[in-house]
file protein.txt (compact mmCIF, N, CA and C atoms)
# COMPACT_ATOMS: atom_id res chain seq x y z
N MET C 1 111.02 118.80 117.63
CA MET C 1 111.36 118.44 116.27
C MET C 1 112.36 117.28 116.26
N GLU C 2 113.22 117.20 117.27
CA GLU C 2 114.22 116.14 117.31
C GLU C 2 113.56 114.76 117.36
N GLN C 3 112.45 114.67 118.11
CA GLN C 3 111.72 113.40 118.19
C GLN C 3 111.21 113.00 116.81
N LEU C 4 110.72 113.95 116.05
CA LEU C 4 110.19 113.68 114.71
C LEU C 4 111.32 113.26 113.77
N ILE C 5 112.43 113.97 113.82
CA ILE C 5 113.56 113.63 112.95
C ILE C 5 114.10 112.24 113.28
N GLU C 6 114.16 111.92 114.56
CA GLU C 6 114.64 110.60 114.97
C GLU C 6 113.71 109.51 114.42
N PHE C 7 112.40 109.74 114.51
CA PHE C 7 111.47 108.78 113.95
C PHE C 7 111.63 108.67 112.44
N LEU C 8 111.78 109.80 111.76
CA LEU C 8 111.91 109.78 110.30
C LEU C 8 113.18 109.06 109.86
N ARG C 9 114.22 109.12 110.66
CA ARG C 9 115.44 108.33 110.36
C ARG C 9 115.10 106.84 110.38
N GLU C 10 114.36 106.44 111.41
CA GLU C 10 113.94 105.04 111.53
C GLU C 10 113.00 104.67 110.38
N TYR C 11 112.11 105.56 110.04
CA TYR C 11 111.13 105.35 108.98
C TYR C 11 111.84 105.14 107.64
N VAL C 12 112.79 105.99 107.33
CA VAL C 12 113.53 105.88 106.07
C VAL C 12 114.37 104.60 106.06
N ALA C 13 114.99 104.28 107.19
CA ALA C 13 115.78 103.03 107.27
C ALA C 13 114.88 101.82 107.03
N PHE C 14 113.65 101.87 107.54
CA PHE C 14 112.71 100.78 107.28
C PHE C 14 112.44 100.63 105.79
N PHE C 15 112.20 101.74 105.08
CA PHE C 15 111.94 101.66 103.65
C PHE C 15 113.17 101.20 102.88
N GLU C 16 114.35 101.55 103.35
CA GLU C 16 115.57 101.05 102.70
C GLU C 16 115.71 99.54 102.92
N GLU C 17 115.33 99.08 104.11
CA GLU C 17 115.33 97.63 104.37
C GLU C 17 114.30 96.95 103.47
N MET C 18 113.13 97.57 103.36
CA MET C 18 112.08 97.02 102.51
C MET C 18 112.55 96.95 101.06
N GLU C 19 113.28 97.96 100.61
CA GLU C 19 113.85 97.96 99.26
C GLU C 19 114.73 96.73 99.06
N HIS C 20 115.59 96.47 100.03
CA HIS C 20 116.49 95.32 99.96
C HIS C 20 115.69 94.02 99.93
N ARG C 21 114.66 93.94 100.75
CA ARG C 21 113.82 92.73 100.81
C ARG C 21 113.06 92.51 99.49
N GLN C 22 112.65 93.59 98.85
CA GLN C 22 111.94 93.46 97.57
C GLN C 22 112.89 92.94 96.50
N GLU C 23 114.14 93.37 96.56
CA GLU C 23 115.14 92.86 95.62
C GLU C 23 115.34 91.35 95.85
N GLU C 24 115.43 90.96 97.12
CA GLU C 24 115.57 89.54 97.46
C GLU C 24 114.35 88.75 96.98
N LYS C 25 113.17 89.35 97.16
CA LYS C 25 111.93 88.69 96.74
C LYS C 25 111.96 88.41 95.24
N LEU C 26 112.36 89.37 94.47
CA LEU C 26 112.42 89.19 93.03
C LEU C 26 113.41 88.09 92.66
N GLU C 27 114.56 88.07 93.30
CA GLU C 27 115.55 87.03 93.03
C GLU C 27 115.00 85.64 93.35
N LYS C 28 114.27 85.54 94.46
CA LYS C 28 113.69 84.25 94.84
C LYS C 28 112.59 83.83 93.88
N LEU C 29 111.80 84.78 93.43
CA LEU C 29 110.76 84.45 92.45
C LEU C 29 111.39 83.98 91.15
N LEU C 30 112.49 84.58 90.77
CA LEU C 30 113.18 84.19 89.54
C LEU C 30 113.77 82.79 89.64
N SER C 31 114.04 82.33 90.87
CA SER C 31 114.58 80.99 91.06
C SER C 31 113.56 79.91 90.70
N ARG C 32 112.29 80.25 90.77
CA ARG C 32 111.17 79.35 90.47
C ARG C 32 111.15 78.12 91.37
N GLU C 33 111.79 78.21 92.52
CA GLU C 33 111.78 77.12 93.50
C GLU C 33 110.64 77.38 94.49
N LEU C 34 109.80 76.39 94.65
CA LEU C 34 108.61 76.55 95.49
C LEU C 34 108.95 77.00 96.91
N SER C 35 109.98 76.41 97.50
CA SER C 35 110.34 76.78 98.87
C SER C 35 110.76 78.26 98.94
N GLN C 36 111.45 78.72 97.92
CA GLN C 36 111.87 80.13 97.87
C GLN C 36 110.66 81.05 97.70
N ILE C 37 109.72 80.63 96.87
CA ILE C 37 108.52 81.43 96.63
C ILE C 37 107.67 81.49 97.90
N GLU C 38 107.54 80.36 98.59
CA GLU C 38 106.80 80.35 99.85
C GLU C 38 107.46 81.28 100.87
N GLU C 39 108.77 81.27 100.90
CA GLU C 39 109.50 82.14 101.81
C GLU C 39 109.22 83.62 101.49
N THR C 40 109.14 83.95 100.21
CA THR C 40 108.87 85.34 99.84
C THR C 40 107.47 85.76 100.27
N ILE C 41 106.52 84.84 100.21
CA ILE C 41 105.16 85.15 100.64
C ILE C 41 105.15 85.48 102.13
N MET C 42 105.81 84.67 102.92
CA MET C 42 105.87 84.93 104.37
C MET C 42 106.60 86.23 104.66
N MET C 43 107.71 86.47 103.94
CA MET C 43 108.47 87.70 104.13
C MET C 43 107.60 88.91 103.79
N GLN C 44 106.84 88.82 102.69
CA GLN C 44 106.01 89.94 102.27
C GLN C 44 104.92 90.21 103.30
N GLN C 45 104.33 89.17 103.84
CA GLN C 45 103.30 89.35 104.86
C GLN C 45 103.87 90.04 106.09
N ALA C 46 105.07 89.65 106.50
CA ALA C 46 105.70 90.28 107.66
C ALA C 46 106.03 91.75 107.38
N MET C 47 106.52 92.02 106.18
CA MET C 47 106.85 93.42 105.82
C MET C 47 105.58 94.27 105.76
N ASP C 48 104.51 93.70 105.23
CA ASP C 48 103.25 94.44 105.17
C ASP C 48 102.77 94.81 106.57
N LYS C 49 102.89 93.89 107.51
CA LYS C 49 102.48 94.15 108.90
C LYS C 49 103.36 95.23 109.52
N ARG C 50 104.65 95.14 109.28
CA ARG C 50 105.56 96.17 109.81
C ARG C 50 105.26 97.53 109.20
N LEU C 51 104.93 97.54 107.91
CA LEU C 51 104.59 98.80 107.25
C LEU C 51 103.34 99.41 107.88
N GLU C 52 102.34 98.59 108.13
CA GLU C 52 101.13 99.08 108.80
C GLU C 52 101.47 99.73 110.13
N ASN C 53 102.31 99.06 110.91
CA ASN C 53 102.70 99.59 112.23
C ASN C 53 103.49 100.90 112.10
N MET C 54 104.40 100.96 111.14
CA MET C 54 105.17 102.19 110.93
C MET C 54 104.26 103.34 110.53
N GLU C 55 103.31 103.07 109.66
CA GLU C 55 102.39 104.12 109.22
C GLU C 55 101.51 104.60 110.37
N ARG C 56 101.09 103.68 111.21
CA ARG C 56 100.31 104.05 112.39
C ARG C 56 101.13 104.96 113.31
N ARG C 57 102.38 104.56 113.54
CA ARG C 57 103.26 105.36 114.39
C ARG C 57 103.51 106.73 113.78
N ARG C 58 103.75 106.77 112.46
CA ARG C 58 104.01 108.04 111.79
C ARG C 58 102.82 108.96 111.91
N SER C 59 101.66 108.44 111.62
CA SER C 59 100.44 109.24 111.68
C SER C 59 100.20 109.77 113.09
N SER C 60 100.36 108.92 114.06
CA SER C 60 100.16 109.31 115.46
C SER C 60 101.16 110.39 115.87
N LEU C 61 102.41 110.21 115.53
CA LEU C 61 103.44 111.19 115.90
C LEU C 61 103.21 112.52 115.19
N PHE C 62 102.88 112.48 113.91
CA PHE C 62 102.60 113.72 113.19
C PHE C 62 101.44 114.47 113.84
N GLU C 63 100.39 113.74 114.21
CA GLU C 63 99.24 114.37 114.87
C GLU C 63 99.65 114.96 116.22
N GLN C 64 100.37 114.19 116.99
CA GLN C 64 100.81 114.59 118.32
C GLN C 64 101.66 115.87 118.27
N LEU C 65 102.48 115.99 117.24
CA LEU C 65 103.39 117.14 117.14
C LEU C 65 102.81 118.29 116.32
N GLY C 66 101.55 118.16 115.91
CA GLY C 66 100.89 119.24 115.18
C GLY C 66 101.15 119.27 113.69
N TYR C 67 101.62 118.16 113.12
CA TYR C 67 101.88 118.08 111.68
C TYR C 67 100.92 117.13 110.99
N GLY C 68 99.80 116.82 111.63
CA GLY C 68 98.83 115.91 111.05
C GLY C 68 98.38 116.37 109.67
N GLY C 69 98.38 115.45 108.72
CA GLY C 69 97.97 115.76 107.36
C GLY C 69 99.04 116.43 106.52
N SER C 70 100.20 116.70 107.10
CA SER C 70 101.28 117.35 106.36
C SER C 70 102.07 116.33 105.55
N THR C 71 102.50 116.75 104.38
CA THR C 71 103.37 115.91 103.57
C THR C 71 104.82 116.14 104.01
N PHE C 72 105.70 115.30 103.51
CA PHE C 72 107.12 115.47 103.81
C PHE C 72 107.60 116.83 103.29
N GLN C 73 107.15 117.20 102.10
CA GLN C 73 107.54 118.48 101.51
C GLN C 73 107.08 119.65 102.37
N GLU C 74 105.85 119.57 102.89
CA GLU C 74 105.33 120.63 103.76
C GLU C 74 106.11 120.69 105.06
N LEU C 75 106.49 119.53 105.57
CA LEU C 75 107.30 119.48 106.79
C LEU C 75 108.65 120.15 106.55
N ILE C 76 109.27 119.87 105.42
CA ILE C 76 110.56 120.48 105.08
C ILE C 76 110.41 121.99 104.98
N ALA C 77 109.35 122.44 104.31
CA ALA C 77 109.13 123.88 104.12
C ALA C 77 108.93 124.61 105.44
N SER C 78 108.45 123.90 106.46
CA SER C 78 108.19 124.54 107.75
C SER C 78 109.45 124.66 108.61
N GLN C 79 110.56 124.10 108.16
CA GLN C 79 111.80 124.10 108.93
C GLN C 79 112.86 124.95 108.25
N SER C 80 113.91 125.20 108.99
CA SER C 80 115.04 125.95 108.42
C SER C 80 116.35 125.39 108.97
N GLY C 81 117.43 125.80 108.37
CA GLY C 81 118.75 125.42 108.85
C GLY C 81 119.05 123.94 108.75
N ALA C 82 119.72 123.44 109.79
CA ALA C 82 120.19 122.06 109.82
C ALA C 82 119.03 121.07 109.78
N GLU C 83 117.91 121.42 110.44
CA GLU C 83 116.76 120.52 110.44
C GLU C 83 116.20 120.36 109.02
N ALA C 84 116.08 121.45 108.30
CA ALA C 84 115.57 121.39 106.93
C ALA C 84 116.52 120.59 106.06
N LYS C 85 117.82 120.79 106.25
CA LYS C 85 118.81 120.07 105.45
C LYS C 85 118.73 118.57 105.72
N GLU C 86 118.59 118.18 106.97
CA GLU C 86 118.49 116.76 107.28
C GLU C 86 117.19 116.18 106.73
N LEU C 87 116.10 116.93 106.84
CA LEU C 87 114.82 116.46 106.30
C LEU C 87 114.88 116.28 104.79
N ILE C 88 115.58 117.18 104.12
CA ILE C 88 115.74 117.06 102.67
C ILE C 88 116.49 115.77 102.33
N GLY C 89 117.56 115.50 103.06
CA GLY C 89 118.33 114.27 102.84
C GLY C 89 117.50 113.02 103.11
N LEU C 90 116.71 113.04 104.18
CA LEU C 90 115.85 111.90 104.49
C LEU C 90 114.79 111.71 103.40
N ASN C 91 114.25 112.82 102.92
CA ASN C 91 113.24 112.74 101.87
C ASN C 91 113.83 112.16 100.58
N GLU C 92 115.03 112.55 100.24
CA GLU C 92 115.68 112.01 99.03
C GLU C 92 115.91 110.51 99.17
N ARG C 93 116.37 110.08 100.34
CA ARG C 93 116.58 108.65 100.57
C ARG C 93 115.27 107.88 100.50
N LEU C 94 114.22 108.46 101.07
CA LEU C 94 112.91 107.82 101.05
C LEU C 94 112.38 107.69 99.63
N GLU C 95 112.46 108.76 98.86
CA GLU C 95 111.99 108.72 97.47
C GLU C 95 112.76 107.69 96.66
N HIS C 96 114.06 107.59 96.88
CA HIS C 96 114.89 106.61 96.17
C HIS C 96 114.44 105.19 96.52
N ALA C 97 114.27 104.93 97.81
CA ALA C 97 113.87 103.58 98.25
C ALA C 97 112.49 103.23 97.72
N VAL C 98 111.54 104.15 97.82
CA VAL C 98 110.19 103.88 97.34
C VAL C 98 110.17 103.65 95.83
N GLY C 99 110.95 104.43 95.10
CA GLY C 99 111.04 104.23 93.65
C GLY C 99 111.56 102.85 93.30
N ASN C 100 112.57 102.40 94.02
CA ASN C 100 113.11 101.06 93.77
C ASN C 100 112.13 99.97 94.19
N ILE C 101 111.41 100.19 95.28
CA ILE C 101 110.40 99.22 95.71
C ILE C 101 109.35 99.06 94.62
N ARG C 102 108.90 100.17 94.08
CA ARG C 102 107.92 100.11 92.99
C ARG C 102 108.48 99.34 91.79
N PHE C 103 109.74 99.61 91.44
CA PHE C 103 110.37 98.93 90.32
C PHE C 103 110.40 97.42 90.54
N TYR C 104 110.86 96.99 91.73
CA TYR C 104 110.94 95.56 92.02
C TYR C 104 109.55 94.93 92.04
N ASN C 105 108.57 95.64 92.57
CA ASN C 105 107.21 95.11 92.61
C ASN C 105 106.63 94.96 91.21
N GLU C 106 106.91 95.92 90.34
CA GLU C 106 106.43 95.81 88.95
C GLU C 106 107.07 94.60 88.27
N LYS C 107 108.36 94.39 88.50
CA LYS C 107 109.04 93.24 87.90
C LYS C 107 108.46 91.94 88.45
N ALA C 108 108.23 91.88 89.76
CA ALA C 108 107.67 90.67 90.37
C ALA C 108 106.26 90.41 89.86
N SER C 109 105.46 91.46 89.72
CA SER C 109 104.09 91.30 89.18
C SER C 109 104.13 90.82 87.74
N GLY C 110 105.04 91.36 86.96
CA GLY C 110 105.19 90.92 85.57
C GLY C 110 105.60 89.47 85.49
N LEU C 111 106.49 89.06 86.36
CA LEU C 111 106.92 87.66 86.40
C LEU C 111 105.75 86.76 86.78
N ALA C 112 105.00 87.16 87.79
CA ALA C 112 103.84 86.37 88.21
C ALA C 112 102.81 86.28 87.09
N ARG C 113 102.59 87.39 86.42
CA ARG C 113 101.63 87.42 85.31
C ARG C 113 102.09 86.47 84.20
N ALA C 114 103.37 86.50 83.86
CA ALA C 114 103.91 85.64 82.81
C ALA C 114 103.78 84.16 83.20
N GLU C 115 104.06 83.84 84.44
CA GLU C 115 103.96 82.45 84.89
C GLU C 115 102.51 81.98 84.87
N LEU C 116 101.58 82.85 85.25
CA LEU C 116 100.17 82.48 85.21
C LEU C 116 99.71 82.26 83.78
N GLU C 117 100.20 83.09 82.87
CA GLU C 117 99.84 82.92 81.45
C GLU C 117 100.36 81.59 80.92
N LYS C 118 101.57 81.20 81.34
CA LYS C 118 102.13 79.91 80.91
C LYS C 118 101.26 78.76 81.39
N MET C 119 100.62 78.95 82.54
CA MET C 119 99.75 77.91 83.09
C MET C 119 98.36 77.98 82.49
N GLY C 120 98.11 78.97 81.64
CA GLY C 120 96.82 79.09 81.00
C GLY C 120 95.80 79.88 81.79
N ALA C 121 96.24 80.58 82.82
CA ALA C 121 95.32 81.37 83.64
C ALA C 121 94.97 82.67 82.94
N ASP C 122 93.80 83.19 83.22
CA ASP C 122 93.37 84.48 82.68
C ASP C 122 93.97 85.57 83.56
N THR C 123 95.07 86.15 83.13
CA THR C 123 95.76 87.15 83.94
C THR C 123 95.09 88.50 83.91
N GLY C 124 94.15 88.70 83.01
CA GLY C 124 93.44 89.97 82.96
C GLY C 124 92.68 90.23 84.25
N SER C 125 92.23 89.16 84.90
CA SER C 125 91.48 89.34 86.14
C SER C 125 92.24 88.82 87.35
N ALA C 126 93.34 88.12 87.14
CA ALA C 126 94.04 87.53 88.27
C ALA C 126 95.01 88.50 88.93
N VAL C 127 95.85 89.14 88.17
CA VAL C 127 96.82 90.06 88.72
C VAL C 127 96.71 91.35 87.93
N THR C 128 96.52 92.45 88.64
CA THR C 128 96.36 93.71 87.94
C THR C 128 97.68 94.45 87.88
N LYS C 129 97.77 95.41 86.98
CA LYS C 129 98.98 96.19 86.84
C LYS C 129 99.25 97.02 88.09
N ASN C 130 98.19 97.38 88.81
CA ASN C 130 98.33 98.17 90.04
C ASN C 130 98.69 97.30 91.22
N GLY C 131 98.90 96.02 90.96
CA GLY C 131 99.21 95.11 92.04
C GLY C 131 97.94 94.54 92.62
N GLY C 132 98.09 93.67 93.54
CA GLY C 132 96.93 93.10 94.17
C GLY C 132 96.46 91.86 93.44
N ILE C 133 95.74 91.09 94.15
CA ILE C 133 95.26 89.82 93.63
C ILE C 133 93.75 89.94 93.39
N TYR C 134 93.29 89.30 92.37
CA TYR C 134 91.88 89.32 92.02
C TYR C 134 91.04 88.80 93.19
N LYS C 135 89.96 89.50 93.45
CA LYS C 135 89.01 89.07 94.48
C LYS C 135 87.66 88.92 93.81
N PRO C 136 87.12 87.72 93.78
CA PRO C 136 85.84 87.52 93.12
C PRO C 136 84.74 88.36 93.76
N GLU C 137 83.70 88.59 93.00
CA GLU C 137 82.56 89.33 93.51
C GLU C 137 82.04 88.65 94.76
N ALA C 138 81.40 89.42 95.62
CA ALA C 138 80.90 88.90 96.89
C ALA C 138 80.01 87.68 96.71
N ALA C 139 79.19 87.67 95.67
CA ALA C 139 78.28 86.55 95.44
C ALA C 139 79.03 85.24 95.26
N TYR C 140 80.22 85.30 94.67
CA TYR C 140 80.99 84.09 94.43
C TYR C 140 81.81 83.68 95.65
N ARG C 141 82.01 84.59 96.58
CA ARG C 141 82.79 84.28 97.77
C ARG C 141 81.95 83.61 98.83
N ARG C 142 80.64 83.71 98.72
CA ARG C 142 79.77 83.14 99.74
C ARG C 142 79.92 81.63 99.78
N SER C 143 79.61 81.10 100.90
CA SER C 143 79.63 79.66 101.08
C SER C 143 78.64 79.01 100.12
N MET C 144 78.93 77.79 99.72
CA MET C 144 78.01 77.07 98.83
C MET C 144 76.66 76.89 99.49
N LEU C 145 76.62 76.81 100.82
CA LEU C 145 75.36 76.63 101.52
C LEU C 145 74.48 77.86 101.40
N GLU C 146 75.06 79.01 101.15
CA GLU C 146 74.31 80.25 101.03
C GLU C 146 73.80 80.48 99.63
N ARG C 147 74.35 79.82 98.64
CA ARG C 147 73.94 80.01 97.27
C ARG C 147 72.68 79.25 96.95
N LYS C 148 71.89 79.83 96.10
CA LYS C 148 70.71 79.12 95.61
C LYS C 148 71.16 78.25 94.45
N ILE C 149 70.71 77.03 94.46
CA ILE C 149 71.09 76.11 93.40
C ILE C 149 69.93 75.91 92.46
call {"tool": "encode", "arguments": {"input": "protein.txt", "output": "structure tokens"}}
result
Amino acid sequence: MEQLIEFLREYVAFFEEMEHRQEEKLEKLLSRELSQIEETIMMQQAMDKRLENMERRRSSLFEQLGYGGSTFQELIASQSGAEAKELIGLNERLEHAVGNIRFYNEKASGLARAELEKMGADTGSAVTKNGGIYKPEAAYRRSMLERKI
């Protein structure tokens, strides 16, 4: 269990770092300076890659230790004493960080949507409320050489 708790400490610290980075991202987007916006794109790509790696590690460790498919709440319920208390604290920190990340992302998406509208873009299909960028249908993504004219 100590190995799992040690990983979860690292996992929660990562999300707290991500929370801080999302706050920085929003500030840079608000600056409306192209160099700052480009920097946020690179930062976001790096954080996304790190998140993928952390999730892979988490999943692998949970499987290895027999907790595969378990939620944080189920993990807490399976423990007692000091371990349960520490897991509860880690879970609270994680929920706080994730809640703030969502808040900052919603603000950043709203800002992007507003800027696109100022430029006359159709934001109904460009940026969704759930996040993510519009991806045209497969037929429109094909090379011009593949399309029938």
call {"tool": "closest_residue", "arguments": {"input": "protein.txt", "among": "C:Phe72, C:Arg57, C:Lys49, C:Lys28", "to": "Leu87 in chain C", "atoms": "all atoms listed in the file"}}
result
C:Phe72
call {"tool": "closest_residue", "arguments": {"input": "protein.txt", "among": "C:Gln45, C:Ser60, C:Ser35, C:Asn105", "to": "Gln22 in chain C", "atoms": "all atoms listed in the file"}}
result
C:Asn105
call {"tool": "closest_residue", "arguments": {"input": "protein.txt", "among": "C:Tyr11, C:Ala46, C:Leu29, C:Ala82", "to": "Ala112 in chain C", "atoms": "all atoms listed in the file"}}
result
C:Leu29
call {"tool": "residues_around", "arguments": {"input": "protein.txt", "residues": "Glu39 in chain C", "least_positions_apart": "5", "cutoff": "9 Å", "atoms": "only C-alpha atoms", "output": "NGL selection string"}}
result
:C and (25 or 28 or 34 or 44)
call {"tool": "atom_distance", "arguments": {"input": "protein.txt", "atom1": "CA of Glu19 in chain C", "atom2": "CA of Ile101 in chain C"}}
result
5.1 Å
call {"tool": "closest_residue", "arguments": {"input": "protein.txt", "among": "C:Val98, C:Ala108, C:Met119, C:Ala13", "to": "Ile41 in chain C", "atoms": "only C-alpha atoms"}}
result
C:Ala108
call {"tool": "atom_distance", "arguments": {"input": "protein.txt", "atom1": "atom C of Glu23 in chain C", "atom2": "CA of Tyr104 in chain C"}}
result
7.2 Å
call {"tool": "select_by_dssp", "arguments": {"input": "protein.txt", "residues": "range 1-147 of chain C", "states": "alpha helix (DSSP H)", "output": "PyMOL selection string"}}
result
chain C and resi 2-31+34-64+72-77+81-118+123-126+138-141
call {"tool": "atom_distance", "arguments": {"input": "protein.txt", "atom1": "CA of Arg56 in chain C", "atom2": "CA of Glu6 in chain C"}}
result
16.0 Å
call {"tool": "closest_residue", "arguments": {"input": "protein.txt", "among": "C:Gly69, C:Gly120, C:Glu95, C:Met18", "to": "Asp48 in chain C", "atoms": "only C-alpha atoms"}}
result
C:Met18
call {"tool": "closest_residue", "arguments": {"input": "protein.txt", "among": "C:Leu8, C:Met54, C:Met1, C:Leu111", "to": "Ile88 in chain C", "atoms": "only C-alpha atoms"}}
result
C:Leu8
call {"tool": "residues_around", "arguments": {"input": "protein.txt", "residues": "Phe15 in chain C", "least_positions_apart": "6", "cutoff": "8 Å", "atoms": "all atoms listed in the file", "output": "list in words"}}
result
Arg9, Arg21, Arg93, Leu94, His96, Ala97, Val98 and Ile101 of chain C
call {"tool": "decode", "arguments": {"input": "protein.txt", "residues": "range 84-97 of chain C", "atoms": "N, CA, C and O atoms", "output": "PDB file, in the first residue's frame"}}
result
ATOM      1  N   ALA C  84      -6.132   5.281   5.414  1.00  0.00           N
ATOM      2  CA  ALA C  84      -7.414   5.833   4.969  1.00  0.00           C
ATOM      3  C   ALA C  84      -7.424   7.342   5.146  1.00  0.00           C
ATOM      4  O   ALA C  84      -7.886   8.078   4.260  1.00  0.00           O
ATOM      5  N   LYS C  85      -6.881   7.811   6.267  1.00  0.00           N
ATOM      6  CA  LYS C  85      -6.852   9.249   6.532  1.00  0.00           C
ATOM      7  C   LYS C  85      -5.997   9.973   5.493  1.00  0.00           C
ATOM      8  O   LYS C  85      -6.391  11.027   4.987  1.00  0.00           O
ATOM      9  N   GLU C  86      -4.850   9.411   5.162  1.00  0.00           N
ATOM     10  CA  GLU C  86      -4.000  10.053   4.155  1.00  0.00           C
ATOM     11  C   GLU C  86      -4.672  10.020   2.787  1.00  0.00           C
ATOM     12  O   GLU C  86      -4.639  11.007   2.045  1.00  0.00           O
ATOM     13  N   LEU C  87      -5.311   8.909   2.449  1.00  0.00           N
ATOM     14  CA  LEU C  87      -6.011   8.813   1.165  1.00  0.00           C
ATOM     15  C   LEU C  87      -7.147   9.830   1.071  1.00  0.00           C
ATOM     16  O   LEU C  87      -7.362  10.427   0.014  1.00  0.00           O
ATOM     17  N   ILE C  88      -7.840  10.035   2.173  1.00  0.00           N
ATOM     18  CA  ILE C  88      -8.918  11.034   2.195  1.00  0.00           C
ATOM     19  C   ILE C  88      -8.344  12.426   1.916  1.00  0.00           C
ATOM     20  O   ILE C  88      -8.886  13.195   1.119  1.00  0.00           O
ATOM     21  N   GLY C  89      -7.239  12.750   2.560  1.00  0.00           N
ATOM     22  CA  GLY C  89      -6.588  14.044   2.337  1.00  0.00           C
ATOM     23  C   GLY C  89      -6.124  14.210   0.900  1.00  0.00           C
ATOM     24  O   GLY C  89      -6.308  15.273   0.298  1.00  0.00           O
ATOM     25  N   LEU C  90      -5.544  13.156   0.331  1.00  0.00           N
ATOM     26  CA  LEU C  90      -5.103  13.207  -1.061  1.00  0.00           C
ATOM     27  C   LEU C  90      -6.290  13.378  -1.999  1.00  0.00           C
ATOM     28  O   LEU C  90      -6.224  14.152  -2.965  1.00  0.00           O
ATOM     29  N   ASN C  91      -7.372  12.678  -1.701  1.00  0.00           N
ATOM     30  CA  ASN C  91      -8.568  12.787  -2.534  1.00  0.00           C
ATOM     31  C   ASN C  91      -9.146  14.201  -2.489  1.00  0.00           C
ATOM     32  O   ASN C  91      -9.549  14.743  -3.521  1.00  0.00           O
ATOM     33  N   GLU C  92      -9.163  14.810  -1.324  1.00  0.00           N
ATOM     34  CA  GLU C  92      -9.675  16.182  -1.205  1.00  0.00           C
ATOM     35  C   GLU C  92      -8.813  17.152  -2.007  1.00  0.00           C
ATOM     36  O   GLU C  92      -9.337  18.029  -2.704  1.00  0.00           O
ATOM     37  N   ARG C  93      -7.492  16.994  -1.927  1.00  0.00           N
ATOM     38  CA  ARG C  93      -6.594  17.851  -2.693  1.00  0.00           C
ATOM     39  C   ARG C  93      -6.788  17.654  -4.188  1.00  0.00           C
ATOM     40  O   ARG C  93      -6.807  18.620  -4.964  1.00  0.00           O
ATOM     41  N   LEU C  94      -6.960  16.401  -4.597  1.00  0.00           N
ATOM     42  CA  LEU C  94      -7.170  16.095  -6.011  1.00  0.00           C
ATOM     43  C   LEU C  94      -8.470  16.708  -6.513  1.00  0.00           C
ATOM     44  O   LEU C  94      -8.499  17.346  -7.571  1.00  0.00           O
ATOM     45  N   GLU C  95      -9.545  16.541  -5.768  1.00  0.00           N
ATOM     46  CA  GLU C  95     -10.836  17.102  -6.173  1.00  0.00           C
ATOM     47  C   GLU C  95     -10.764  18.626  -6.274  1.00  0.00           C
ATOM     48  O   GLU C  95     -11.338  19.216  -7.193  1.00  0.00           O
ATOM     49  N   HIS C  96     -10.061  19.258  -5.352  1.00  0.00           N
ATOM     50  CA  HIS C  96      -9.908  20.718  -5.377  1.00  0.00           C
ATOM     51  C   HIS C  96      -9.151  21.144  -6.638  1.00  0.00           C
ATOM     52  O   HIS C  96      -9.574  22.072  -7.348  1.00  0.00           O
ATOM     53  N   ALA C  97      -8.040  20.472  -6.918  1.00  0.00           N
ATOM     54  CA  ALA C  97      -7.232  20.829  -8.089  1.00  0.00           C
ATOM     55  C   ALA C  97      -8.016  20.606  -9.379  1.00  0.00           C
ATOM     56  O   ALA C  97      -8.028  21.472 -10.263  1.00  0.00           O
TER      57      ALA C  97
END
